[in-house]
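Student: Take a look at coords-v4.cif, mmCIF, C-alpha atoms:
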data_input
loop_
_atom_site.group_PDB
_atom_site.id
_atom_site.type_symbol
_atom_site.label_atom_id
_atom_site.label_comp_id
_atom_site.auth_asym_id
_atom_site.auth_seq_id
_atom_site.Cartn_x
_atom_site.Cartn_y
_atom_site.Cartn_z
ATOM 1 C CA MET A 74 25.634 39.444 -23.481
ATOM 2 C CA ARG A 75 25.479 43.194 -24.173
ATOM 3 C CA ARG A 76 21.716 43.206 -23.733
ATOM 4 C CA SER A 77 22.073 41.482 -20.379
ATOM 5 C CA ARG A 78 24.580 44.071 -19.173
ATOM 6 C CA ALA A 79 22.460 46.921 -20.486
ATOM 7 C CA LYS A 80 19.425 45.543 -18.700
ATOM 8 C CA LEU A 81 21.368 45.191 -15.448
ATOM 9 C CA ALA A 82 22.757 48.721 -15.806
ATOM 10 C CA LYS A 83 19.299 50.127 -16.529
ATOM 11 C CA LYS A 84 18.094 52.234 -13.642
ATOM 12 C CA CYS A 85 14.694 50.991 -12.535
ATOM 13 C CA PRO A 86 12.537 53.645 -10.889
ATOM 14 C CA THR A 87 11.480 52.906 -7.332
ATOM 15 C CA ARG A 88 7.854 52.214 -6.447
ATOM 16 C CA GLU A 89 7.668 55.634 -4.804
ATOM 17 C CA GLN A 90 9.042 57.364 -7.930
ATOM 18 C CA GLN A 91 6.531 55.547 -10.113
ATOM 19 C CA GLU A 92 3.604 56.386 -7.857
ATOM 20 C CA ASN A 93 4.650 60.051 -7.657
ATOM 21 C CA ALA A 94 4.990 60.183 -11.442
ATOM 22 C CA ILE A 95 1.481 58.753 -11.851
ATOM 23 C CA ARG A 96 0.120 61.422 -9.499
ATOM 24 C CA LYS A 97 1.893 64.236 -11.362
ATOM 25 C CA VAL A 98 0.969 63.058 -14.846
ATOM 26 C CA GLY A 99 -2.607 62.635 -13.706
ATOM 27 C CA GLU A 100 -2.914 66.411 -14.054
ATOM 28 C CA LEU A 101 -2.418 66.042 -17.824
ATOM 29 C CA VAL A 102 -5.046 63.333 -18.262
ATOM 30 C CA LYS A 103 -8.292 64.846 -19.543
ATOM 31 C CA LYS A 104 -9.920 61.622 -20.791
ATOM 32 C CA GLY A 105 -9.898 58.167 -19.231
ATOM 33 C CA ARG A 106 -8.311 56.539 -22.270
ATOM 34 C CA GLN A 107 -5.278 58.816 -22.003
ATOM 35 C CA TRP A 108 -4.143 56.739 -19.041
ATOM 36 C CA TYR A 109 -2.999 54.257 -21.667
ATOM 37 C CA ALA A 110 0.064 56.459 -22.260
ATOM 38 C CA VAL A 111 1.003 56.136 -18.573
ATOM 39 C CA TYR A 112 0.373 52.383 -18.604
ATOM 40 C CA ARG A 113 2.563 51.939 -21.701
ATOM 41 C CA VAL A 114 5.483 53.860 -20.172
ATOM 42 C CA LEU A 115 5.300 51.688 -17.061
ATOM 43 C CA ILE A 116 5.345 48.574 -19.243
ATOM 44 C CA ASP A 117 8.308 49.943 -21.214
ATOM 45 C CA ALA A 118 10.135 50.671 -17.935
ATOM 46 C CA GLU A 119 9.507 47.074 -16.832
ATOM 47 C CA SER A 120 7.714 48.359 -13.761
ATOM 48 C CA GLU A 121 6.874 45.918 -11.025
ATOM 49 C CA LEU A 122 3.656 47.869 -10.434
ATOM 50 C CA VAL A 123 2.091 46.812 -13.725
ATOM 51 C CA THR A 124 2.094 43.625 -15.760
ATOM 52 C CA LYS A 125 1.561 43.775 -19.497
ATOM 53 C CA GLY A 126 -2.066 43.030 -20.227
ATOM 54 C CA ASP A 127 -3.234 43.601 -16.646
ATOM 55 C CA PHE A 128 -5.418 46.593 -17.369
ATOM 56 C CA ASP A 129 -7.610 45.895 -14.337
ATOM 57 C CA GLY A 130 -4.581 46.027 -12.045
ATOM 58 C CA PHE A 131 -3.419 49.292 -13.563
ATOM 59 C CA CYS A 132 -6.893 50.804 -13.169
ATOM 60 C CA ARG A 133 -6.986 49.761 -9.505
ATOM 61 C CA LEU A 134 -3.548 51.313 -8.975
ATOM 62 C CA VAL A 135 -4.598 54.648 -10.472
ATOM 63 C CA SER A 136 -7.845 54.595 -8.483
ATOM 64 C CA LEU A 137 -5.881 54.061 -5.264
ATOM 65 C CA LEU A 138 -3.376 56.813 -6.039
ATOM 66 C CA LEU A 139 -5.870 59.352 -7.392
ATOM 67 C CA PRO A 140 -9.292 58.418 -6.013
ATOM 68 C CA GLY A 141 -10.819 61.818 -6.763
ATOM 69 C CA HIS A 142 -9.534 62.114 -10.325
ATOM 70 C CA ALA A 143 -12.290 63.181 -12.720
ATOM 71 C CA HIS A 144 -11.124 60.791 -15.464
ATOM 72 C CA LEU A 145 -10.189 57.442 -13.960
ATOM 73 C CA PRO A 146 -9.190 54.685 -16.390
ATOM 74 C CA VAL A 147 -11.495 51.832 -17.373
ATOM 75 C CA ALA A 148 -9.804 48.532 -18.244
ATOM 76 C CA GLN A 149 -11.896 47.825 -21.348
ATOM 77 C CA GLU A 150 -11.194 51.291 -22.736
ATOM 78 C CA LEU A 151 -7.446 50.938 -22.154
ATOM 79 C CA GLN A 152 -7.419 47.508 -23.754
ATOM 80 C CA ARG A 153 -8.943 49.013 -26.905
ATOM 81 C CA MET A 154 -5.966 51.376 -27.136
ATOM 82 C CA ALA A 155 -3.395 48.535 -27.194
ATOM 83 C CA VAL A 156 -3.488 48.201 -30.968
ATOM 84 C CA MET A 157 -1.428 49.213 -33.951
ATOM 85 C CA SER A 158 1.676 51.203 -32.992
ATOM 86 C CA PHE A 159 0.308 51.800 -29.471
ATOM 87 C CA ASP A 160 0.942 48.111 -28.768
ATOM 88 C CA LYS A 161 4.659 48.844 -29.141
ATOM 89 C CA PRO A 162 7.056 50.770 -26.892
ATOM 90 C CA VAL A 163 6.367 54.516 -26.860
ATOM 91 C CA ARG A 164 9.557 55.251 -28.805
ATOM 92 C CA LEU A 165 8.051 53.289 -31.722
ATOM 93 C CA TRP A 166 4.661 55.000 -31.728
ATOM 94 C CA ASP A 167 3.772 56.297 -35.173
ATOM 95 C CA GLU A 168 0.961 58.755 -35.777
ATOM 96 C CA ASN A 169 0.278 57.136 -39.163
ATOM 97 C CA ASN A 170 -0.347 53.777 -37.465
ATOM 98 C CA ALA A 171 -2.042 54.797 -34.228
ATOM 99 C CA PRO A 172 -5.602 54.329 -32.979
ATOM 100 C CA VAL A 173 -5.866 58.137 -32.623
ATOM 101 C CA SER A 174 -4.703 60.921 -34.906
ATOM 102 C CA ARG A 175 -3.467 64.495 -35.028
ATOM 103 C CA GLY A 176 -4.047 66.432 -31.811
ATOM 104 C CA ARG A 177 -5.191 63.403 -29.876
ATOM 105 C CA PHE A 178 -2.020 61.496 -30.837
ATOM 106 C CA LYS A 179 0.066 64.454 -29.666
ATOM 107 C CA ASP A 180 -1.795 64.470 -26.329
ATOM 108 C CA TYR A 181 -1.018 60.775 -25.752
ATOM 109 C CA LYS A 182 2.603 61.287 -26.779
ATOM 110 C CA ARG A 183 2.979 64.331 -24.516
ATOM 111 C CA ILE A 184 1.615 62.375 -21.529
ATOM 112 C CA ALA A 185 3.906 59.425 -22.292
ATOM 113 C CA ASP A 186 6.934 61.695 -22.721
ATOM 114 C CA GLN A 187 6.208 63.485 -19.441
ATOM 115 C CA MET A 188 5.834 60.165 -17.629
ATOM 116 C CA GLY A 189 9.097 58.943 -19.149
ATOM 117 C CA GLU A 190 10.900 62.117 -18.068
ATOM 118 C CA LEU A 191 9.606 61.790 -14.517
ATOM 119 C CA LEU A 192 10.850 58.196 -14.419
ATOM 120 C CA GLU A 193 14.030 59.095 -16.304
ATOM 121 C CA VAL A 194 13.378 56.342 -18.855
ATOM 122 C CA ALA A 195 12.445 58.476 -21.876
#
Please rewrite the model in this file as structure tokens.
Tutor:
Amino acid sequence: MRRSRAKLAKKCPTREQQENAIRKVGELVKKGRQWYAVYRVLIDAESELVTKGDFDGFCRLVSLLLPGHAHLPVAQELQRMAVMSFDKPVRLWDENNAPVSRGRFKDYKRIADQMGELLEVA
């Protein structure tokens, strides 16, 4: 019962907020695989823009929002990132059990945290 109330009380970001957040965070993305951090935050926020496992749909969305971005996501690359702790909500990511380490882990986490802040779901 408490979970149901909490879910109902949870503020879901609007489509416009989500799209604007993707555009802003795009500035932080320096490699195509880093889009996984954005994808994961949208999944955690229960976004209607993205369905878990629909990497192709997410890639199309990013391509539509940021067509000139130098590092657009590729579905197969993102799918490879959905392992170990990265297959869990961002709050459960663990550097010791992640598909990337050290500085690269921090880059993914920073992108995810920024996306979460923009959506107010961190």
Student: Determine the residue membership of the PyMOL selection byres ((chain A and resi 135) around 9) for the file above and supply it as a compact mmCIF listing (two decimals) with C-alpha atoms, in the coordinates of the input.
Tutor:
# COMPACT_ATOMS: atom_id res chain seq x y z
CA GLU A 92 3.60 56.39 -7.86
CA ILE A 95 1.48 58.75 -11.85
CA ARG A 96 0.12 61.42 -9.50
CA GLY A 99 -2.61 62.64 -13.71
CA TRP A 108 -4.14 56.74 -19.04
CA GLY A 130 -4.58 46.03 -12.04
CA PHE A 131 -3.42 49.29 -13.56
CA CYS A 132 -6.89 50.80 -13.17
CA ARG A 133 -6.99 49.76 -9.51
CA LEU A 134 -3.55 51.31 -8.98
CA SER A 136 -7.84 54.60 -8.48
CA LEU A 137 -5.88 54.06 -5.26
CA LEU A 138 -3.38 56.81 -6.04
CA LEU A 139 -5.87 59.35 -7.39
CA PRO A 140 -9.29 58.42 -6.01
CA HIS A 142 -9.53 62.11 -10.32
CA LEU A 145 -10.19 57.44 -13.96
CA PRO A 146 -9.19 54.68 -16.39
Student: What would the selection look like, as an MDAnalysis selection string, if the PyMOL selection byres ((chain A and resi 154-163) around 8) were run on the coordinates I just shared?
Tutor: chainID A and resid 106 109 113:114 117 150:153 164:167 170:172 182 185
Student: With distances taken over only C-alpha atoms, which residue among A:Ala148, A:Asp180, A:Val173, A:Leu115 lies nearest Gln90 in chain A?
Tutor: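 With only C-alpha atoms as the atom set, the closest residue is A:Leu115.
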Student: Quick one: residues within 10 Å of Glu193 in chain A, only C-alpha atoms, excluding same-chain residues fewer than 2 positions away - as a list in words?
Tutor: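 Residues meeting the cut-off are Lys84, Cys85, Pro86, Gln90, Ala118, Asp186, Gln187, Met188, Gly189, Glu190, Leu191 and Ala195 of chain A.
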Student: How many Å lie between CA of Leu101 in chain A and CA of Gly141 in chain A, rounded to one decimal?
Tutor: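 Going from CA of Leu101 in chain A over to CA of Gly141 in chain A covers 14.5 Å.
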Student: Can you work out the spacing between CA of Val111 in chain A and CA of Thr124 in chain A in Å, to one decimal?
Tutor: 12.9 Å
Student: Edge lengths and centre in Å to one decimal, as JSON, of the axis-aligned box that encloses all listed atoms of range 115-132 of chain A with 3 Å added on every side?
Tutor:
{"center_x": 1.3, "center_y": 47.4, "center_z": -15.8, "size_x": 23.7, "size_y": 14.7, "size_z": 16.8}
Student: Just to confirm, what's the straight-line distance from CA of Leu192 in chain A to CA of Glu168 in chain A in Å (one decimal)?
Tutor: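 Answer for the CA of Leu192 in chain A to CA of Glu168 in chain A separation: 23.5 Å.
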Student: What does range 77-172 of chain A look like written to a file with C-alpha atoms, as a compact mmCIF listing (two decimals), in the first residue's frame?
Tutor:
# COMPACT_ATOMS: atom_id res chain seq x y z
CA SER A 77 1.45 2.40 -4.31
CA ARG A 78 1.03 5.77 -2.59
CA ALA A 79 4.70 6.60 -3.05
CA LYS A 80 4.47 5.77 -6.73
CA LEU A 81 1.37 7.93 -7.14
CA ALA A 82 3.03 10.80 -5.25
CA LYS A 83 6.18 10.51 -7.35
CA LYS A 84 6.52 13.48 -9.65
CA CYS A 85 6.96 12.25 -13.20
CA PRO A 86 8.85 14.66 -15.45
CA THR A 87 6.96 15.89 -18.48
CA ARG A 88 7.99 14.89 -22.00
CA GLU A 89 9.30 18.42 -22.54
CA GLN A 90 11.40 18.28 -19.35
CA GLN A 91 12.85 14.93 -20.37
CA GLU A 92 13.68 16.10 -23.88
CA ASN A 93 15.30 19.30 -22.56
CA ALA A 94 17.33 17.27 -20.07
CA ILE A 95 18.56 14.99 -22.86
CA ARG A 96 19.64 18.03 -24.87
CA LYS A 97 21.49 19.57 -21.92
CA VAL A 98 23.22 16.38 -20.82
CA GLY A 99 24.24 15.75 -24.40
CA GLU A 100 26.96 18.35 -23.82
CA LEU A 101 28.59 15.99 -21.29
CA VAL A 102 28.56 12.95 -23.57
CA LYS A 103 31.98 12.47 -25.16
CA LYS A 104 31.55 8.84 -26.26
CA GLY A 105 28.50 7.12 -27.72
CA ARG A 106 28.34 4.53 -24.95
CA GLN A 107 27.97 7.25 -22.32
CA TRP A 108 24.39 7.71 -23.48
CA TYR A 109 23.70 4.58 -21.44
CA ALA A 110 23.76 6.75 -18.30
CA VAL A 111 20.97 8.92 -19.75
CA TYR A 112 18.98 5.87 -20.84
CA ARG A 113 19.27 4.31 -17.37
CA VAL A 114 18.03 7.46 -15.62
CA LEU A 115 15.02 7.58 -17.93
CA ILE A 116 14.28 3.94 -17.14
CA ASP A 117 14.64 4.63 -13.40
CA ALA A 118 12.26 7.60 -13.74
CA GLU A 119 9.73 5.33 -15.47
CA SER A 120 9.77 7.63 -18.48
CA GLU A 121 7.16 7.14 -21.14
CA LEU A 122 9.79 8.10 -23.73
CA VAL A 123 11.83 4.94 -23.23
CA THR A 124 10.98 1.31 -22.56
CA LYS A 125 13.47 -0.91 -20.78
CA GLY A 126 15.37 -2.89 -23.37
CA ASP A 127 14.34 -0.67 -26.29
CA PHE A 128 17.80 0.59 -27.12
CA ASP A 129 16.84 1.24 -30.75
CA GLY A 130 13.99 3.51 -29.65
CA PHE A 131 16.26 5.43 -27.31
CA CYS A 132 18.86 5.87 -30.05
CA ARG A 133 16.19 7.19 -32.43
CA LEU A 134 15.01 9.62 -29.75
CA VAL A 135 18.50 11.01 -29.17
CA SER A 136 19.10 11.25 -32.92
CA LEU A 137 15.89 13.26 -33.32
CA LEU A 138 16.70 15.59 -30.43
CA LEU A 139 20.39 16.06 -31.21
CA PRO A 140 20.88 15.22 -34.89
CA GLY A 141 24.25 16.96 -35.11
CA HIS A 142 25.75 15.45 -31.97
CA ALA A 143 29.26 14.11 -32.59
CA HIS A 144 28.68 11.00 -30.46
CA LEU A 145 25.24 9.58 -31.14
CA PRO A 146 24.34 6.32 -29.37
CA VAL A 147 24.36 2.94 -31.10
CA ALA A 148 21.87 0.37 -29.79
CA GLN A 149 24.31 -2.56 -29.76
CA GLU A 150 26.88 -0.53 -27.83
CA LEU A 151 24.31 0.56 -25.24
CA GLN A 152 23.05 -2.99 -24.85
CA ARG A 153 26.59 -4.10 -23.98
CA MET A 154 26.59 -1.63 -21.09
CA ALA A 155 23.46 -3.13 -19.47
CA VAL A 156 25.42 -5.62 -17.40
CA MET A 157 26.63 -6.04 -13.86
CA SER A 158 25.65 -3.11 -11.62
CA PHE A 159 24.78 -0.96 -14.66
CA ASP A 160 21.74 -3.20 -15.17
CA LYS A 161 20.40 -1.84 -11.87
CA PRO A 162 19.04 1.60 -10.96
CA VAL A 163 21.73 4.29 -10.92
CA ARG A 164 21.56 4.58 -7.12
CA LEU A 165 22.80 0.96 -6.94
CA TRP A 166 25.70 1.34 -9.36
CA ASP A 167 28.93 0.07 -7.85
CA GLU A 168 32.33 0.83 -9.34
CA ASN A 169 33.59 -2.58 -8.17
CA ASN A 170 30.87 -4.32 -10.21
CA ALA A 171 30.60 -2.10 -13.28
CA PRO A 172 31.53 -2.70 -16.91
